Amino acid sequence: MVETATIGALRAPARPAASNTARAWARLRRNRAALAGLVIVATLVFAAIFAPFLAPHNPYLVSLDTRLLPPGGEHVLGTDELGRDILSRLIYGARVALWVGMVTVFLSGLIGISGGLVAGYLGGYWDAIIMRLVDVFLAFPVIILAIAIVAVRGPGLTNVLIALALVYWTSYARVARGTVLLLREEEYTWAARTLGASPVRIMLRHLLPNALAPMIVLASLGMGNAILAEAALSFLGLGIQPPEASWGSMLNFGMQFLRDASFLSTFPGLAIFVTVLGFNLLGDGLRDALDPRMRT
Amino acid sequence: MSRYIVQRLLHTVLVLFGVSLLTFALIHLTPGDPVLVMLGQDATPSELERLRHLLGLDQPLYVQYLQYISRLATGQMGDSIFQHQPVTKLIGDRFPATVELTLAAMLIAIVVGMLTGIISAVVPYSIFDVTAMLLALAGVAMPVFWMGMLAILLFSLQLGWLPSFGRGEPIVSAVQYWIRSGDASDILDALRHLILPAVTLGAFSAALISRLVRSALLEVLNQDYVRTARAKGLGQAPVIGRHALPNAMIPVVTVIGLQVGTLLGGAVLAETIFAWPGIGRLLIQAISQRDYPLVQGIVMLTALAVSLINLVVDLLYGVINPRVRYG
């Protein structure tokens, strides 16, 4: 289905009446998997924004009388080892997950896109140095480099964000560079250069806007990756610290009660899984909609 | 071809130089005094001074780096602060377990991923294809640690079929014992311990490889030369095996190479859940003790392993892709 749609999209004559965005949206709307992803992501954003209204209980309220209650009744998904309502903590956890995803994508995108623009447009030494730096970072397994950075900087949200930004910037740099290498020889770039535009102006006003489509795809997939990585760090006890509700650390603490109260870890794991699935589906769909040739 | 090999070797040397700089810099990312962080607030000034001297932190930066890299060149990574043993020995004791786990996961990923990918591409949009691709979609989004937990819950706690933690005899020595004595019980025990962690670790890569093989093969199957092969009367098997698959494999080999890093990283999580005695658990233990030389050593080793395997994959790539070989 995707293949035929893609070929159709390539063959379709360019209709100047419809904008690129409108055509991409039309393609995205026809893709049921991408729509499912969009619904998951929208639900997550909704839950994060309206968490105080949606959560049935206070997610931080410790109550030793209601420890480890099984799902059902007043606590729909049960309570944890400190008697806190699991559903409420999951809803608040959406805030942590989204925040980590957004900041990581923003920071790694900022570093990577700047690097890629400079490497691709200026070439020469700049290109060599930046791209070798990319290679060096790629030599480290993502999770291990992130673990190492958090290990020396100490656990907590800020250091997790620093670590993830430093780990994930490389893919943006590579794709931005590749796109710029193509765009650099376009007529409009030559025109701007002939008119005396500075390299910075050409990069920001002419190259960047035209390189955005692949970046949007990377950002959507990057949200999923960042959320997964944060959950892994928190699971190892290196990420978000209690009492903050991070899905990864909820799962970590729940592991101790796996035999008698498996719901403590099952639900947070499910939340991570569905969220990452949502961003992946959306990212795949965006890739097919925005740039059919970018399929990997 | 030889020019390609030389270029690729030089590139690896350059990357390893960068890797050494970055792992060296790691210890200096500590907020505040690394020695104080490692020993804690109760340490006396003389203890602090002693460790600072031991780690060479009282030297200028470039001297520290030169010492670091010259030690690395002779295969040394300093001593663990808390276990009072050479880092290389601690890692050497644990690394075989990680290699065993990672190789098993890789094997599962390649076999399962390739098979499902090929079948899916041969019968696209069939029930098999749809099921396999839904599973692959799930596999890519599934956190390793959650999947491990579910596996323990089902196969160990509920069904009681497999052990939930630990490692049996190393596979290699179990096989040696079997050859000597004819007693295969050790192999069976080792495999029983290995299967859950290996499947858990390999699932993500299997899913990724499966999706990639399917799309690469589908694309190749539309090419003219495949139609020509069919037109001259070749059956399905030789068309796929001899004409389509070798070309579809080119992107797949690259991705399989990249999975080594993913698997080594995932091993930290899988080892933590299944109490597998490899370097992943050693890393987490080293971090909780703030044993920075040990952390540095493990990080360096994984980057070294990834770089060398990528080198091998790239050389292999030259062998299977004539465009690289003669380019």
# chains A, B, ... in the order shown; residues from 1 in each chain; ligands from 1
>>> closest_atom_pairs(of="chain A", to="chain B", cutoff="6 Å", atoms="only C-alpha atoms", output="CSV")
residue,atom,partner,partner_atom,distance
A:Val136,CA,B:Val15,CA,5.2
A:Ala139,CA,B:Ala303,CA,5.1
A:Phe140,CA,B:Ala303,CA,4.7
A:Pro141,CA,B:Gly261,CA,4.6
A:Ile143,CA,B:Gly265,CA,5.2
A:Ile144,CA,B:Gly265,CA,5.5
A:Ala151,CA,B:Ile287,CA,5.9
A:Val152,CA,B:Thr30,CA,5.0
A:Arg153,CA,B:Thr30,CA,5.1
A:Gly269,CA,B:Trp146,CA,5.5
A:Phe273,CA,B:Met142,CA,5.3
A:Val276,CA,B:Ala141,CA,5.4
A:Leu277,CA,B:Ala141,CA,5.1
>>> write_last_selection(atoms="N, CA and C atoms", output="PDB file, in the first residue's frame")
ATOM      1  N   VAL A 136      32.940   9.961  15.589  1.00  0.00           N
ATOM      2  CA  VAL A 136      33.403   9.616  16.935  1.00  0.00           C
ATOM      3  C   VAL A 136      32.216   9.353  17.851  1.00  0.00           C
ATOM      4  N   ALA A 139      30.520   6.077  17.345  1.00  0.00           N
ATOM      5  CA  ALA A 139      31.242   4.872  17.757  1.00  0.00           C
ATOM      6  C   ALA A 139      30.744   4.367  19.112  1.00  0.00           C
ATOM      7  N   PHE A 140      30.109   5.260  19.881  1.00  0.00           N
ATOM      8  CA  PHE A 140      29.623   4.840  21.199  1.00  0.00           C
ATOM      9  C   PHE A 140      28.188   4.336  21.087  1.00  0.00           C
ATOM     10  N   PRO A 141      27.897   3.179  21.708  1.00  0.00           N
ATOM     11  CA  PRO A 141      26.492   2.785  21.785  1.00  0.00           C
ATOM     12  C   PRO A 141      25.703   3.875  22.521  1.00  0.00           C
ATOM     13  N   ILE A 143      23.030   4.186  24.405  1.00  0.00           N
ATOM     14  CA  ILE A 143      22.672   4.087  25.815  1.00  0.00           C
ATOM     15  C   ILE A 143      23.919   4.163  26.697  1.00  0.00           C
ATOM     16  N   ILE A 144      25.013   3.570  26.242  1.00  0.00           N
ATOM     17  CA  ILE A 144      26.221   3.552  27.073  1.00  0.00           C
ATOM     18  C   ILE A 144      26.820   4.950  27.201  1.00  0.00           C
ATOM     19  N   ALA A 151      26.357   9.377  34.491  1.00  0.00           N
ATOM     20  CA  ALA A 151      27.111   8.839  35.619  1.00  0.00           C
ATOM     21  C   ALA A 151      28.074   9.878  36.185  1.00  0.00           C
ATOM     22  N   VAL A 152      28.761  10.613  35.334  1.00  0.00           N
ATOM     23  CA  VAL A 152      29.708  11.593  35.861  1.00  0.00           C
ATOM     24  C   VAL A 152      29.022  12.891  36.259  1.00  0.00           C
ATOM     25  N   ARG A 153      27.926  13.244  35.578  1.00  0.00           N
ATOM     26  CA  ARG A 153      27.258  14.496  35.915  1.00  0.00           C
ATOM     27  C   ARG A 153      26.298  14.320  37.088  1.00  0.00           C
ATOM     28  N   GLY A 269       5.253   0.201  31.675  1.00  0.00           N
ATOM     29  CA  GLY A 269       5.878  -0.337  30.476  1.00  0.00           C
ATOM     30  C   GLY A 269       4.967  -0.170  29.267  1.00  0.00           C
ATOM     31  N   PHE A 273       5.620   1.874  25.801  1.00  0.00           N
ATOM     32  CA  PHE A 273       5.482   1.152  24.540  1.00  0.00           C
ATOM     33  C   PHE A 273       4.518   1.874  23.597  1.00  0.00           C
ATOM     34  N   VAL A 276       5.955   5.317  22.381  1.00  0.00           N
ATOM     35  CA  VAL A 276       7.009   5.190  21.370  1.00  0.00           C
ATOM     36  C   VAL A 276       6.409   4.710  20.047  1.00  0.00           C
ATOM     37  N   LEU A 277       5.477   3.754  20.152  1.00  0.00           N
ATOM     38  CA  LEU A 277       4.787   3.267  18.955  1.00  0.00           C
ATOM     39  C   LEU A 277       4.113   4.429  18.226  1.00  0.00           C
TER      40      LEU A 277
END
>>> residues_around(residues="A:Gln256", least_positions_apart="4", cutoff="12 Å", atoms="only C-alpha atoms", output="JSON, numbers by chain")
{"A": [68, 80, 81, 249, 250, 251, 252, 260, 261, 262, 263, 264, 265], "B": [149, 273]}
>>> write_last_selection(atoms="C-alpha atoms", output="PDB file, in the first residue's frame")
ATOM      1  CA  LEU A  68      -0.191  -2.276  46.606  1.00  0.00           C
ATOM      2  CA  ASP A  80       2.141   1.402  44.208  1.00  0.00           C
ATOM      3  CA  GLU A  81       4.379   0.418  47.110  1.00  0.00           C
ATOM      4  CA  SER A 249      11.513   4.719  37.353  1.00  0.00           C
ATOM      5  CA  MET A 250       7.982   3.498  38.146  1.00  0.00           C
ATOM      6  CA  LEU A 251       8.846   0.327  36.258  1.00  0.00           C
ATOM      7  CA  ASN A 252      12.152   0.064  38.086  1.00  0.00           C
ATOM      8  CA  ASP A 260       2.935 -10.387  43.765  1.00  0.00           C
ATOM      9  CA  ALA A 261       2.032  -7.084  42.134  1.00  0.00           C
ATOM     10  CA  SER A 262       3.171  -7.180  38.515  1.00  0.00           C
ATOM     11  CA  PHE A 263       0.761  -4.362  37.566  1.00  0.00           C
ATOM     12  CA  LEU A 264       3.236  -1.954  39.186  1.00  0.00           C
ATOM     13  CA  SER A 265       5.586  -2.429  36.230  1.00  0.00           C
TER      14      SER A 265
ATOM     15  CA  MET B 149      10.121  -8.202  32.623  1.00  0.00           C
ATOM     16  CA  ILE B 273      17.053  -7.473  34.427  1.00  0.00           C
TER      17      ILE B 273
END
>>> residues_around(residues="stretch 275-279 of chain B", least_positions_apart="4", cutoff="9 Å", atoms="only C-alpha atoms", output="list in words")
Leu90, Ile91, Gly92, Asp93, Arg94, Phe95, Pro96, Ala97, Thr98, Val99, Leu101, Ser164, Phe165, Gly166, Arg167, Pro197, Ala267, Val268, Ala270, Glu271, Leu283, Ile284 and Ile298 of chain B
>>> write_last_selection(atoms="N, CA and C atoms", output="PDB file, in the first residue's frame")
ATOM      1  N   LEU B  90      39.262  -6.808  35.397  1.00  0.00           N
ATOM      2  CA  LEU B  90      37.841  -6.836  35.763  1.00  0.00           C
ATOM      3  C   LEU B  90      36.973  -6.979  34.522  1.00  0.00           C
ATOM      4  N   ILE B  91      37.338  -6.180  33.488  1.00  0.00           N
ATOM      5  CA  ILE B  91      36.560  -6.247  32.254  1.00  0.00           C
ATOM      6  C   ILE B  91      36.748  -7.605  31.576  1.00  0.00           C
ATOM      7  N   GLY B  92      38.007  -8.071  31.567  1.00  0.00           N
ATOM      8  CA  GLY B  92      38.297  -9.352  30.925  1.00  0.00           C
ATOM      9  C   GLY B  92      37.524 -10.504  31.549  1.00  0.00           C
ATOM     10  N   ASP B  93      37.312 -10.440  32.875  1.00  0.00           N
ATOM     11  CA  ASP B  93      36.550 -11.494  33.538  1.00  0.00           C
ATOM     12  C   ASP B  93      35.093 -11.513  33.098  1.00  0.00           C
ATOM     13  N   ARG B  94      34.562 -10.310  32.829  1.00  0.00           N
ATOM     14  CA  ARG B  94      33.131 -10.207  32.564  1.00  0.00           C
ATOM     15  C   ARG B  94      32.776 -10.172  31.078  1.00  0.00           C
ATOM     16  N   PHE B  95      33.734  -9.781  30.251  1.00  0.00           N
ATOM     17  CA  PHE B  95      33.422  -9.542  28.842  1.00  0.00           C
ATOM     18  C   PHE B  95      32.907 -10.793  28.113  1.00  0.00           C
ATOM     19  N   PRO B  96      33.485 -11.988  28.369  1.00  0.00           N
ATOM     20  CA  PRO B  96      32.997 -13.172  27.656  1.00  0.00           C
ATOM     21  C   PRO B  96      31.494 -13.388  27.826  1.00  0.00           C
ATOM     22  N   ALA B  97      30.978 -13.111  29.022  1.00  0.00           N
ATOM     23  CA  ALA B  97      29.541 -13.295  29.248  1.00  0.00           C
ATOM     24  C   ALA B  97      28.737 -12.352  28.351  1.00  0.00           C
ATOM     25  N   THR B  98      29.213 -11.108  28.219  1.00  0.00           N
ATOM     26  CA  THR B  98      28.515 -10.145  27.365  1.00  0.00           C
ATOM     27  C   THR B  98      28.616 -10.547  25.897  1.00  0.00           C
ATOM     28  N   VAL B  99      29.800 -11.024  25.504  1.00  0.00           N
ATOM     29  CA  VAL B  99      29.969 -11.456  24.117  1.00  0.00           C
ATOM     30  C   VAL B  99      29.013 -12.607  23.807  1.00  0.00           C
ATOM     31  N   LEU B 101      26.157 -13.346  25.255  1.00  0.00           N
ATOM     32  CA  LEU B 101      24.781 -12.840  25.198  1.00  0.00           C
ATOM     33  C   LEU B 101      24.533 -12.057  23.905  1.00  0.00           C
ATOM     34  N   SER B 164      14.843 -17.235  35.783  1.00  0.00           N
ATOM     35  CA  SER B 164      14.620 -15.811  35.562  1.00  0.00           C
ATOM     36  C   SER B 164      15.900 -15.008  35.688  1.00  0.00           C
ATOM     37  N   PHE B 165      16.965 -15.608  36.218  1.00  0.00           N
ATOM     38  CA  PHE B 165      18.195 -14.823  36.347  1.00  0.00           C
ATOM     39  C   PHE B 165      19.433 -15.720  36.329  1.00  0.00           C
ATOM     40  N   GLY B 166      20.576 -15.087  36.125  1.00  0.00           N
ATOM     41  CA  GLY B 166      21.850 -15.793  36.209  1.00  0.00           C
ATOM     42  C   GLY B 166      22.270 -16.433  34.894  1.00  0.00           C
ATOM     43  N   ARG B 167      23.480 -16.976  34.924  1.00  0.00           N
ATOM     44  CA  ARG B 167      24.046 -17.605  33.738  1.00  0.00           C
ATOM     45  C   ARG B 167      24.486 -19.007  34.115  1.00  0.00           C
ATOM     46  N   PRO B 197      17.209 -13.876  28.080  1.00  0.00           N
ATOM     47  CA  PRO B 197      17.952 -12.626  27.849  1.00  0.00           C
ATOM     48  C   PRO B 197      18.286 -12.408  26.376  1.00  0.00           C
ATOM     49  N   ALA B 267      22.517  -4.556  26.023  1.00  0.00           N
ATOM     50  CA  ALA B 267      22.997  -5.582  26.947  1.00  0.00           C
ATOM     51  C   ALA B 267      23.048  -5.052  28.380  1.00  0.00           C
ATOM     52  N   VAL B 268      23.328  -3.752  28.530  1.00  0.00           N
ATOM     53  CA  VAL B 268      23.333  -3.177  29.881  1.00  0.00           C
ATOM     54  C   VAL B 268      21.984  -3.396  30.542  1.00  0.00           C
ATOM     55  N   ALA B 270      19.499  -5.614  29.492  1.00  0.00           N
ATOM     56  CA  ALA B 270      19.162  -7.037  29.600  1.00  0.00           C
ATOM     57  C   ALA B 270      19.925  -7.684  30.756  1.00  0.00           C
ATOM     58  N   GLU B 271      21.198  -7.317  30.904  1.00  0.00           N
ATOM     59  CA  GLU B 271      21.994  -7.899  31.993  1.00  0.00           C
ATOM     60  C   GLU B 271      21.475  -7.474  33.351  1.00  0.00           C
ATOM     61  N   LEU B 283      29.234  -2.175  34.628  1.00  0.00           N
ATOM     62  CA  LEU B 283      29.148  -0.726  34.412  1.00  0.00           C
ATOM     63  C   LEU B 283      28.216  -0.077  35.428  1.00  0.00           C
ATOM     64  N   ILE B 284      27.045  -0.665  35.613  1.00  0.00           N
ATOM     65  CA  ILE B 284      26.082  -0.089  36.553  1.00  0.00           C
ATOM     66  C   ILE B 284      26.651  -0.113  37.977  1.00  0.00           C
ATOM     67  N   ILE B 298      35.108   0.616  30.516  1.00  0.00           N
ATOM     68  CA  ILE B 298      34.008  -0.103  29.866  1.00  0.00           C
ATOM     69  C   ILE B 298      33.488   0.687  28.672  1.00  0.00           C
TER      70      ILE B 298
END
>>> residues_around(residues="A:Arg32", least_positions_apart="5", cutoff="10 Å", atoms="only C-alpha atoms", output="number ranges by chain")
A: 37-38, 281, 285
>>> closest_residue(among="B:Gly78, B:Pro45, B:Gly182, B:Gly117", to="B:Met249", atoms="only C-alpha atoms")
B:Gly117
>>> atom_distance(atom1="atom CA of A:Ser246", atom2="atom CA of A:Gly93")
5.0 Å
